[in-house]
file work_24.cif (mmCIF, C-alpha atoms (C1' of nucleotides))
data_target
loop_
_atom_site.label_atom_id
_atom_site.label_comp_id
_atom_site.auth_asym_id
_atom_site.auth_seq_id
_atom_site.Cartn_x
_atom_site.Cartn_y
_atom_site.Cartn_z
CA MET A 1 -17.77 -16.01 -29.05
CA LYS A 2 -18.44 -19.17 -30.92
CA SER A 3 -21.25 -18.73 -33.38
CA LYS A 4 -24.37 -20.84 -33.47
CA GLU A 5 -23.63 -21.96 -36.99
CA CYS A 6 -20.48 -23.51 -35.69
CA LEU A 7 -22.42 -25.75 -33.38
CA LYS A 8 -25.25 -26.83 -35.62
CA GLU A 9 -23.27 -27.68 -38.74
CA ASN A 10 -22.88 -31.33 -39.53
CA LYS A 11 -19.92 -32.51 -37.50
CA THR A 12 -19.20 -35.59 -39.55
CA ALA A 13 -18.24 -33.45 -42.51
CA LYS A 14 -15.54 -31.76 -40.49
CA ILE A 15 -11.95 -32.71 -39.93
CA PRO A 16 -11.41 -34.11 -36.44
CA LEU A 17 -8.72 -32.42 -34.40
CA VAL A 18 -7.36 -32.76 -30.89
CA VAL A 19 -6.36 -29.39 -29.49
CA ILE A 20 -4.20 -29.16 -26.40
CA GLY A 21 -4.25 -25.58 -25.19
CA ALA A 22 -2.92 -24.86 -21.73
CA PRO A 23 -0.75 -22.35 -19.89
CA THR A 24 2.98 -22.49 -20.24
CA ALA A 25 4.95 -25.01 -18.16
CA THR A 26 2.02 -27.36 -17.64
CA GLY A 27 3.51 -30.15 -19.72
CA LYS A 28 1.43 -29.86 -22.87
CA THR A 29 4.40 -30.50 -25.13
CA SER A 30 5.14 -33.89 -23.61
CA LEU A 31 1.45 -34.77 -23.45
CA ALA A 32 1.05 -33.96 -27.13
CA ILE A 33 4.07 -36.06 -28.03
CA GLU A 34 2.81 -38.96 -25.96
CA LEU A 35 -0.60 -38.85 -27.63
CA ALA A 36 0.78 -38.37 -31.11
CA GLU A 37 2.99 -41.42 -30.68
CA ILE A 38 0.13 -43.54 -29.42
CA PHE A 39 -2.24 -42.52 -32.20
CA GLY A 40 0.34 -42.24 -34.94
CA GLY A 41 -0.42 -38.55 -35.39
CA HIS A 42 1.45 -35.37 -36.13
CA ILE A 43 1.67 -32.24 -34.03
CA VAL A 44 0.79 -28.81 -35.31
CA ASN A 45 2.36 -26.07 -33.22
CA ALA A 46 0.06 -23.37 -31.86
CA ASP A 47 2.66 -21.26 -30.13
CA SER A 48 3.29 -17.79 -31.49
CA MET A 49 6.99 -17.77 -30.63
CA GLN A 50 8.02 -21.26 -31.64
CA VAL A 51 7.38 -20.31 -35.25
CA TYR A 52 10.63 -18.31 -35.21
CA ARG A 53 13.89 -19.86 -36.29
CA TYR A 54 16.92 -19.61 -33.99
CA MET A 55 14.68 -19.14 -30.98
CA ASP A 56 14.72 -22.60 -29.46
CA ILE A 57 15.74 -22.45 -25.83
CA GLY A 58 13.77 -19.41 -24.76
CA THR A 59 10.59 -20.65 -26.43
CA ALA A 60 10.95 -24.16 -24.95
CA LYS A 61 10.67 -25.60 -28.42
CA PRO A 62 10.49 -29.41 -28.62
CA SER A 63 14.01 -30.87 -28.72
CA PRO A 64 15.50 -32.45 -31.87
CA GLU A 65 15.03 -35.81 -30.19
CA GLU A 66 11.33 -35.10 -29.60
CA ARG A 67 10.96 -33.89 -33.14
CA ARG A 68 12.44 -37.14 -34.36
CA ARG A 69 9.88 -39.09 -32.40
CA VAL A 70 6.91 -37.14 -33.73
CA THR A 71 6.63 -34.92 -36.78
CA HIS A 72 5.97 -31.32 -35.81
CA HIS A 73 4.54 -28.71 -38.15
CA LEU A 74 4.79 -24.93 -38.03
CA LEU A 75 7.96 -24.77 -36.04
CA ASP A 76 10.75 -22.60 -37.50
CA VAL A 77 8.68 -21.16 -40.31
CA VAL A 78 10.00 -17.57 -40.31
CA ASN A 79 13.08 -15.62 -39.30
CA PRO A 80 12.79 -13.42 -36.22
CA ASP A 81 12.61 -10.26 -38.32
CA GLU A 82 9.83 -11.53 -40.56
CA GLU A 83 6.20 -10.62 -40.16
CA TYR A 84 4.06 -13.28 -38.58
CA ASN A 85 0.60 -13.10 -37.07
CA ALA A 86 -2.59 -14.92 -36.25
CA ALA A 87 -4.02 -14.75 -39.77
CA LEU A 88 -0.88 -16.12 -41.37
CA TYR A 89 -0.81 -18.82 -38.77
CA ALA A 90 -4.42 -19.83 -39.37
CA GLU A 91 -3.85 -19.98 -43.10
CA GLN A 92 -0.72 -22.10 -42.83
CA ALA A 93 -2.11 -24.36 -40.14
CA ARG A 94 -5.24 -25.00 -42.19
CA THR A 95 -3.15 -25.90 -45.21
CA VAL A 96 -1.03 -28.30 -43.20
CA ILE A 97 -4.07 -29.87 -41.55
CA SER A 98 -5.81 -30.39 -44.89
CA GLY A 99 -2.78 -32.30 -46.10
CA LEU A 100 -2.67 -34.44 -42.99
CA ALA A 101 -6.39 -35.12 -43.21
CA ARG A 102 -5.96 -36.34 -46.78
CA GLU A 103 -3.40 -38.85 -45.53
CA GLY A 104 -5.72 -39.88 -42.76
CA ARG A 105 -3.26 -38.72 -40.18
CA PRO A 106 -4.57 -37.83 -36.68
CA VAL A 107 -3.80 -34.22 -35.88
CA PHE A 108 -2.79 -32.82 -32.50
CA VAL A 109 -2.67 -29.07 -32.21
CA ALA A 110 -0.59 -28.01 -29.21
CA GLY A 111 0.32 -24.59 -27.96
CA GLY A 112 -0.42 -21.77 -25.61
CA THR A 113 -1.42 -18.96 -27.93
CA GLY A 114 -5.16 -18.66 -27.50
CA LEU A 115 -5.66 -16.26 -30.38
CA TYR A 116 -3.86 -18.54 -32.81
CA ILE A 117 -5.98 -21.50 -31.77
CA ARG A 118 -9.13 -19.45 -32.14
CA ALA A 119 -8.10 -18.16 -35.55
CA LEU A 120 -7.41 -21.73 -36.64
CA LEU A 121 -10.65 -23.19 -35.34
CA HIS A 122 -13.04 -20.32 -36.01
CA GLY A 123 -11.34 -18.12 -38.56
CA ILE A 124 -10.39 -14.48 -38.39
CA ILE A 125 -11.61 -11.39 -40.23
CA GLU A 126 -10.21 -10.95 -43.69
CA THR A 127 -8.31 -7.75 -44.27
CA PRO A 128 -5.39 -6.74 -46.48
CA PRO A 129 -1.95 -7.70 -45.15
CA VAL A 130 -0.43 -5.42 -42.56
CA ASP A 131 1.20 -2.38 -44.13
CA GLU A 132 4.20 -1.42 -42.03
CA ASN A 133 4.10 2.13 -43.34
CA ILE A 134 0.58 2.68 -42.15
CA ARG A 135 1.31 1.04 -38.82
CA ASN A 136 4.44 3.12 -38.30
CA TYR A 137 2.60 6.27 -39.26
CA TYR A 138 0.08 5.76 -36.46
CA LYS A 139 2.77 4.68 -34.05
CA GLY A 140 4.47 7.97 -34.79
CA LEU A 141 1.29 9.90 -34.15
CA ARG A 142 0.89 8.15 -30.84
CA ASP A 143 4.47 8.85 -29.81
CA ARG A 144 4.24 12.50 -30.73
CA HIS A 145 0.72 13.34 -29.60
CA GLY A 146 -0.21 10.62 -27.13
CA ARG A 147 -2.72 7.82 -26.92
CA GLU A 148 -5.70 10.06 -26.26
CA TYR A 149 -5.03 12.00 -29.42
CA LEU A 150 -4.95 8.81 -31.46
CA HIS A 151 -8.15 7.56 -29.89
CA GLY A 152 -9.74 10.93 -30.58
CA LEU A 153 -8.78 10.55 -34.22
CA LEU A 154 -10.40 7.13 -34.34
CA LYS A 155 -13.50 8.60 -32.76
CA THR A 156 -13.94 11.03 -35.62
CA ARG A 157 -13.39 8.35 -38.27
CA ASP A 158 -14.87 5.23 -36.72
CA PRO A 159 -16.95 6.07 -33.64
CA LEU A 160 -18.16 2.49 -33.33
CA ALA A 161 -14.64 1.14 -33.00
CA ALA A 162 -13.60 3.98 -30.71
CA ALA A 163 -16.45 3.17 -28.38
CA ARG A 164 -15.31 -0.42 -28.07
CA ILE A 165 -11.59 0.17 -27.63
CA ASN A 166 -10.04 1.58 -24.49
CA PRO A 167 -8.19 4.83 -25.28
CA ASN A 168 -5.05 3.48 -23.63
CA ASP A 169 -5.02 0.38 -25.75
CA SER A 170 -3.16 1.95 -28.61
CA VAL A 171 -2.31 -1.41 -30.17
CA ARG A 172 -5.98 -1.95 -30.91
CA VAL A 173 -6.61 1.69 -31.75
CA ILE A 174 -3.88 1.47 -34.37
CA ARG A 175 -5.25 -1.80 -35.69
CA ALA A 176 -8.70 -0.27 -36.12
CA MET A 177 -7.15 2.64 -38.01
CA GLU A 178 -5.24 0.32 -40.30
CA VAL A 179 -8.30 -1.71 -41.13
CA LEU A 180 -10.26 1.42 -41.91
CA ASP A 181 -7.50 2.85 -44.10
CA GLN A 182 -6.85 -0.39 -45.96
CA SER A 183 -10.32 -1.82 -46.38
CA GLY A 184 -12.52 1.24 -46.05
CA ARG A 185 -14.62 -0.63 -43.52
CA SER A 186 -14.93 -0.44 -39.78
CA ILE A 187 -13.23 -3.27 -37.94
CA VAL A 188 -16.40 -3.60 -35.89
CA ASP A 189 -18.45 -4.30 -39.03
CA LEU A 190 -15.97 -6.88 -40.19
CA GLN A 191 -15.99 -8.55 -36.80
CA GLN A 192 -19.76 -8.62 -36.62
CA ASP A 193 -20.03 -10.10 -40.09
CA HIS A 194 -17.40 -12.67 -39.34
CA ALA A 195 -18.52 -13.69 -35.85
CA PHE A 196 -16.04 -16.59 -35.73
CA ALA A 197 -18.40 -18.60 -37.90
CA ASP A 198 -15.71 -20.15 -40.06
CA CYS A 199 -15.40 -23.56 -38.39
CA PRO A 200 -14.08 -26.38 -40.57
CA TYR A 201 -13.04 -28.60 -37.68
CA ASP A 202 -14.56 -30.91 -35.16
CA ALA A 203 -12.24 -30.16 -32.27
CA CYS A 204 -11.69 -32.12 -29.10
CA ARG A 205 -10.40 -29.49 -26.69
CA VAL A 206 -8.10 -30.62 -23.93
CA GLY A 207 -6.55 -28.51 -21.19
CA ILE A 208 -4.15 -29.24 -18.37
CA ARG A 209 -4.79 -27.65 -15.02
CA VAL A 210 -2.00 -27.30 -12.51
CA ASP A 211 -2.46 -25.68 -9.12
CA ARG A 212 -0.83 -22.33 -8.76
CA GLU A 213 1.96 -23.19 -6.36
CA THR A 214 2.99 -26.16 -8.45
CA LEU A 215 2.88 -24.10 -11.60
CA LYS A 216 5.09 -21.45 -10.01
CA SER A 217 7.73 -24.00 -9.15
CA ARG A 218 7.47 -25.56 -12.60
CA ILE A 219 8.06 -22.13 -14.10
CA ALA A 220 11.11 -21.62 -11.91
CA ALA A 221 12.46 -25.00 -12.98
CA ARG A 222 11.76 -24.20 -16.60
CA THR A 223 13.64 -20.90 -16.37
CA GLU A 224 16.55 -22.61 -14.67
CA ARG A 225 16.69 -25.21 -17.42
CA MET A 226 16.70 -22.53 -20.10
CA VAL A 227 19.63 -20.83 -18.41
CA GLU A 228 21.53 -24.11 -18.16
CA ASP A 229 20.76 -24.92 -21.77
CA GLY A 230 22.30 -21.64 -22.89
CA LEU A 231 19.61 -18.98 -23.09
CA LEU A 232 22.25 -16.25 -22.81
CA GLU A 233 24.27 -17.72 -25.69
CA GLU A 234 21.14 -18.04 -27.79
CA VAL A 235 20.31 -14.36 -27.32
CA HIS A 236 23.89 -13.35 -28.09
CA GLY A 237 23.65 -15.42 -31.25
CA LEU A 238 20.45 -13.70 -32.30
CA LEU A 239 21.96 -10.26 -31.74
CA GLU A 240 25.05 -11.28 -33.73
CA ARG A 241 22.84 -12.37 -36.60
CA GLY A 242 21.49 -8.85 -36.59
CA TYR A 243 18.16 -9.48 -34.94
CA GLY A 244 17.85 -6.37 -32.82
CA GLU A 245 16.04 -5.79 -29.59
CA ASN A 246 13.21 -3.81 -31.19
CA LEU A 247 11.93 -6.80 -33.13
CA LYS A 248 8.61 -8.20 -32.00
CA ALA A 249 10.17 -11.60 -31.46
CA MET A 250 12.97 -10.15 -29.35
CA GLN A 251 10.51 -8.42 -27.06
CA SER A 252 8.99 -11.69 -26.04
CA LEU A 253 9.28 -13.30 -22.67
CA GLY A 254 12.78 -14.26 -21.70
CA TYR A 255 14.46 -12.66 -24.69
CA ARG A 256 13.63 -9.12 -23.64
CA GLN A 257 15.02 -9.58 -20.15
CA VAL A 258 18.23 -11.19 -21.37
CA VAL A 259 18.77 -8.40 -23.89
CA GLU A 260 18.35 -5.90 -21.06
CA PHE A 261 21.04 -7.78 -19.14
CA ILE A 262 23.37 -7.81 -22.15
CA ARG A 263 22.85 -4.06 -22.56
CA GLY A 264 23.82 -3.63 -18.92
CA ARG A 265 20.45 -2.33 -17.81
CA HIS A 266 20.18 -4.82 -14.99
CA SER A 267 21.97 -7.72 -13.37
CA TRP A 268 21.73 -11.34 -14.40
CA ASP A 269 19.91 -12.26 -11.20
CA ARG A 270 17.41 -9.52 -11.86
CA ALA A 271 16.89 -10.80 -15.40
CA VAL A 272 16.16 -14.30 -14.13
CA GLU A 273 13.84 -12.92 -11.47
CA LEU A 274 11.94 -10.93 -14.09
CA ILE A 275 11.68 -13.89 -16.43
CA ASN A 276 10.15 -15.96 -13.68
CA ARG A 277 7.74 -13.26 -12.67
CA GLU A 278 6.62 -12.41 -16.17
CA THR A 279 6.26 -16.02 -17.16
CA TRP A 280 3.96 -16.41 -14.20
CA LEU A 281 1.93 -13.34 -15.22
CA TYR A 282 1.75 -14.71 -18.73
CA SER A 283 0.50 -18.07 -17.54
CA LYS A 284 -2.24 -16.30 -15.60
CA ARG A 285 -3.32 -14.46 -18.74
CA GLN A 286 -3.44 -17.79 -20.53
CA MET A 287 -5.58 -19.23 -17.76
CA THR A 288 -7.98 -16.33 -18.12
CA TRP A 289 -8.16 -16.93 -21.85
CA PHE A 290 -8.56 -20.70 -21.78
CA SER A 291 -10.90 -20.87 -18.81
CA ALA A 292 -13.34 -18.63 -20.68
CA ASP A 293 -13.68 -21.41 -23.27
CA LYS A 294 -16.32 -23.79 -21.97
CA THR A 295 -15.61 -26.41 -24.61
CA ILE A 296 -12.30 -27.36 -23.02
CA GLN A 297 -12.12 -30.53 -20.94
CA TRP A 298 -9.62 -30.13 -18.12
CA PHE A 299 -7.29 -32.81 -16.81
CA ASP A 300 -4.68 -33.00 -14.06
CA PRO A 301 -1.09 -33.55 -15.19
CA ASP A 302 -1.11 -37.16 -13.98
CA GLU A 303 -4.26 -38.03 -15.89
CA SER A 304 -2.73 -38.76 -19.26
CA GLY A 305 -4.50 -42.13 -19.21
CA ASN A 306 -7.84 -40.36 -19.07
CA VAL A 307 -6.83 -37.98 -21.81
CA ARG A 308 -5.89 -40.95 -23.93
CA LYS A 309 -9.28 -42.51 -23.31
CA THR A 310 -11.03 -39.27 -24.18
CA VAL A 311 -9.05 -38.95 -27.40
CA GLN A 312 -9.69 -42.58 -28.25
CA GLU A 313 -13.42 -42.06 -27.88
CA PHE A 314 -13.28 -38.88 -29.87
CA PHE A 315 -11.46 -40.51 -32.76
CA SER A 316 -13.56 -43.64 -32.81
CA GLY A 317 -16.06 -43.44 -35.63
CA LYS A 318 -14.27 -40.55 -37.34
CA HIS A 319 -13.09 -40.95 -40.87
CA PHE A 320 -9.35 -41.15 -41.25
CA GLY A 321 -9.02 -42.34 -44.79
CA LYS A 322 -6.65 -45.22 -45.23
CA ASN A 323 -4.64 -45.16 -41.99
CA ASP A 324 -7.14 -45.51 -39.21
CA PRO A 325 -5.33 -46.02 -35.90
"C1'" G B 1 31.08 7.63 21.23
"C1'" G B 2 29.42 12.08 17.90
"C1'" G B 3 26.82 13.54 13.42
"C1'" U B 4 23.59 13.23 8.96
"C1'" C B 5 19.61 11.01 6.46
"C1'" G B 6 16.00 7.16 6.80
"C1'" G B 7 12.10 3.48 9.19
"C1'" U B 8 4.51 4.65 5.70
"C1'" A B 9 0.68 -1.37 1.59
"C1'" G B 10 4.06 -7.85 0.09
"C1'" C B 11 8.30 -4.59 -2.47
"C1'" U B 12 10.25 0.50 -3.99
"C1'" C B 13 8.81 5.03 -2.44
"C1'" A B 14 5.51 9.77 -2.33
"C1'" G B 15 2.60 12.53 1.22
"C1'" U B 16 -0.03 14.76 5.30
"C1'" C B 17 2.22 23.45 6.81
"C1'" G B 18 -1.79 18.33 12.94
"C1'" G B 19 -8.25 16.24 11.14
"C1'" U B 20 -5.90 8.18 10.80
"C1'" A B 21 -2.92 8.26 3.85
"C1'" G B 22 -1.34 7.60 -2.11
"C1'" A B 23 1.54 5.85 -6.72
"C1'" G B 24 4.27 2.12 -9.44
"C1'" C B 25 5.21 -2.96 -9.11
"C1'" A B 26 3.43 -7.56 -6.85
"C1'" U B 27 -1.63 -9.89 -5.58
"C1'" C B 28 -6.78 -11.04 -7.22
"C1'" G B 29 -10.41 -10.69 -11.25
"C1'" G B 30 -11.35 -9.54 -16.40
"C1'" A B 31 -10.91 -8.32 -21.75
"C1'" C B 32 -8.72 -10.02 -26.21
"C1'" U B 33 -10.87 -10.96 -34.44
"C1'" G B 34 -3.88 -9.76 -39.00
"C1'" A B 35 1.53 -7.06 -32.63
"C1'" A B 36 -1.17 -12.02 -28.62
"C1'" A B 37 5.19 -14.54 -24.87
"C1'" A B 38 1.83 -8.46 -27.32
"C1'" U B 39 -1.73 -4.85 -25.49
"C1'" C B 40 -5.28 -3.10 -22.14
"C1'" C B 41 -9.20 -2.66 -18.05
"C1'" G B 42 -11.13 -3.22 -12.90
"C1'" A B 43 -10.53 -4.26 -7.49
"C1'" G B 44 -8.36 -4.83 -2.50
"C1'" U B 45 -4.47 -3.78 0.65
"C1'" G B 46 -2.09 -0.40 5.89
"C1'" U B 47 -2.23 -0.72 14.40
"C1'" C B 48 2.20 5.46 8.82
"C1'" G B 49 9.14 1.62 13.83
"C1'" A B 50 7.95 1.53 19.68
"C1'" C B 51 6.72 4.21 23.99
"C1'" A B 52 5.62 8.78 26.23
"C1'" G B 53 4.53 14.27 25.99
"C1'" U B 54 1.86 18.67 23.86
"C1'" U B 55 -3.17 19.00 21.66
"C1'" C B 56 -10.22 18.68 21.10
"C1'" A B 57 -7.32 15.67 17.63
"C1'" A B 58 -0.59 13.01 16.31
"C1'" U B 59 1.39 9.02 11.01
"C1'" U B 60 2.51 14.43 10.88
"C1'" C B 61 5.19 18.53 16.40
"C1'" U B 62 8.59 17.33 20.90
"C1'" G B 63 11.42 13.72 23.83
"C1'" U B 64 13.38 8.89 24.69
"C1'" C B 65 14.28 4.20 22.83
"C1'" C B 66 14.82 0.43 18.96
"C1'" U B 67 16.60 -0.12 13.97
"C1'" G B 68 19.12 0.72 8.80
"C1'" A B 69 22.63 3.38 5.64
"C1'" C B 70 26.48 6.73 5.38
"C1'" C B 71 30.13 10.28 7.53
"C1'" C B 72 33.50 11.75 11.66
"C1'" A B 73 36.22 9.73 15.67
#
call {"tool": "encode", "arguments": {"input": "work_24.cif", "output": "structure tokens"}}
result
Amino acid sequence: MKSKECLKENKTAKIPLVVIGAPTATGKTSLAIELAEIFGGHIVNADSMQVYRYMDIGTAKPSPEERRRVTHHLLDVVNPDEEYNAALYAEQARTVISGLAREGRPVFVAGGTGLYIRALLHGIIETPPVDENIRNYYKGLRDRHGREYLHGLLKTRDPLAAARINPNDSVRVIRAMEVLDQSGRSIVDLQQDHAFADCPYDACRVGIRVDRETLKSRIAARTERMVEDGLLEEVHGLLERGYGENLKAMQSLGYRQVVEFIRGRHSWDRAVELINRETWLYSKRQMTWFSADKTIQWFDPDESGNVRKTVQEFFSGKHFGKNDP
RNA sequence: GGGUCGGUAGCUCAGUCGGUAGAGCAUCGGACUGAAAAUCCGAGUGUCGACAGUUCAAUUCUGUCCUGACCCA
């Protein structure tokens, strides 16, 4: 995953960064705020859904009060119907972080989207921007002829990619097609050349581990809070603004199930049940992702003192320009 | 009280014209390079309601009982 170059480059030349990446509902938001306050830092969001405006409750975005306490970056950067993705995120996050580094401001990256964190820390292949027409063309092919057909097509054009992608995984099959059409190169070639070797940061990786039963009850509490805070009203508001259910953002966890309720496809209780269940499944996927990363140091939720010590040690001796903490 | 249709994996259900069973979801594990809160892959799971009868063999046929839904009284 991580390239050798990444490890052997001179660390002192790199921007130091604390990255808190953990499953949902483990308390990373409050940990990040606590640390940022102590060290006088800013928080850079690494959550793929909190970048959308008007989606506050269902994404568990930091509250206005929390955002007053600590400056957050990359929240509310696009409307729900705008294109957003890992490459855009990496580009914007790197720009923000460069600015903060120039001010000597400690940076805390916090979020649960593993791909976004990876793209930020290690880069992502460079390809032309997504062309909706091309994407829709292949989606159409898939819908009319099936996934196997699409994979067969990829096999004739890019056998290397076809061999690596499961025929049922049409999202990745389509992506490989796009890359080939737009760049003329196989996505596999681009990936091999890239190899996540673009590493401008010296990252201190922190994770929070919560035992499964506790996490389940935290998820239930989180869902309940969202409902109390007005998740239903938020979704109604989004629909009224014209953000329809087929948008990527509206298919995300919580929003999809509430839209289904509003459309009368299931009861409210069923919607809540599904949100809980799918949030749990999501958190397990996050655990799979993050636990594969051996650079992460794991802490229990009540160990914020130890995290603080770890961060302190990490920052000591780093160059922060004029405002060393 | 009579009738009809059910009782099979944690859940919803399919199936076996008699040779001890399967799908989806859940569970567990995994992948992830411009959709990632997305998308996909792999694995396990059962005294087939109870008891008896017929049979070489019953979850499957027969009987009784228990139990659920509905209909008629």
call {"tool": "closest_atom_pairs", "arguments": {"input": "work_24.cif", "of": "chain A", "to": "chain B", "cutoff": "8 Å", "atoms": "only C-alpha atoms (C1' of nucleotides)", "output": "Markdown table"}}
result
| residue | atom | partner | partner_atom | distance |
| --- | --- | --- | --- | --- |
| A:Ser48 | CA | B:A37 | C1' | 7.6 |
| A:Met49 | CA | B:A37 | C1' | 6.8 |
| A:Asn85 | CA | B:G34 | C1' | 5.9 |
| A:Ala86 | CA | B:G34 | C1' | 6.0 |
| A:Ala87 | CA | B:G34 | C1' | 5.1 |
| A:Leu88 | CA | B:G34 | C1' | 7.4 |
| A:Thr113 | CA | B:A36 | C1' | 7.0 |
| A:Gly114 | CA | B:A36 | C1' | 7.8 |
| A:Leu115 | CA | B:A36 | C1' | 6.4 |
| A:Ala119 | CA | B:U33 | C1' | 7.8 |
| A:Ile124 | CA | B:U33 | C1' | 5.3 |
| A:Ile125 | CA | B:U33 | C1' | 5.9 |
| A:Glu126 | CA | B:G34 | C1' | 8.0 |
| A:Thr127 | CA | B:G34 | C1' | 7.2 |
| A:Pro129 | CA | B:G34 | C1' | 6.8 |
| A:Val130 | CA | B:G34 | C1' | 6.6 |
| A:Asn166 | CA | B:C40 | C1' | 7.1 |
| A:Asn168 | CA | B:C40 | C1' | 6.8 |
| A:Asp169 | CA | B:C40 | C1' | 5.0 |
| A:Ser170 | CA | B:U39 | C1' | 7.6 |
| A:Val171 | CA | B:U39 | C1' | 5.8 |
| A:Arg172 | CA | B:U39 | C1' | 7.5 |
| A:Gln191 | CA | B:U33 | C1' | 6.1 |
| A:Phe196 | CA | B:U33 | C1' | 7.8 |
| A:Lys248 | CA | B:A35 | C1' | 7.2 |
| A:Ser252 | CA | B:A37 | C1' | 4.9 |
| A:Leu253 | CA | B:A37 | C1' | 4.8 |
| A:Thr279 | CA | B:A37 | C1' | 7.9 |
| A:Tyr282 | CA | B:A37 | C1' | 7.0 |
| A:Thr288 | CA | B:G30 | C1' | 7.8 |
call {"tool": "residues_around", "arguments": {"input": "work_24.cif", "residues": "B:U45", "least_positions_apart": "5", "cutoff": "10 Å", "atoms": "all atoms listed in the file", "output": "PyMOL selection string"}}
result
chain B and resi 9-10+27
call {"tool": "residues_near_point", "arguments": {"input": "work_24.cif", "point": "(2.8, -23.7, -11.3)", "cutoff": "10 Å", "atoms": "only C-alpha atoms (C1' of nucleotides)", "output": "list in words"}}
result
Pro23, Thr24, Ala25, Thr26, Arg209, Val210, Asp211, Arg212, Glu213, Thr214, Leu215, Lys216, Ser217, Arg218, Ile219, Ala220, Ala221, Trp280, Ser283 and Lys284 of chain A
call {"tool": "residues_around", "arguments": {"input": "work_24.cif", "residues": "stretch 173-177 of chain A", "least_positions_apart": "6", "cutoff": "7 Å", "atoms": "all atoms listed in the file", "output": "list in words"}}
result
Arg135, Tyr138, His151, Leu154, Ala161, Ile165 and Ile187 of chain A
call {"tool": "residues_around", "arguments": {"input": "work_24.cif", "residues": "A:Glu66", "least_positions_apart": "3", "cutoff": "12 Å", "atoms": "all atoms listed in the file", "output": "list in words"}}
result
Thr29, Ser30, Leu31, Ala32, Ile33, Glu34, Ala36, Glu37, His42, Ile43, Ala60, Lys61, Pro62, Ser63, Arg69, Val70, Thr71 and His72 of chain A
call {"tool": "residues_around", "arguments": {"input": "work_24.cif", "residues": "B:C5", "least_positions_apart": "3", "cutoff": "12 Å", "atoms": "all atoms listed in the file", "output": "PyMOL selection string"}}
result
chain B and resi 68-71
call {"tool": "residues_around", "arguments": {"input": "work_24.cif", "residues": "A:Gly244", "least_positions_apart": "2", "cutoff": "12 Å", "atoms": "all atoms listed in the file", "output": "ChimeraX atom specification"}}
result
/A:80-81,235-242,246-251,255-256,259-260,263
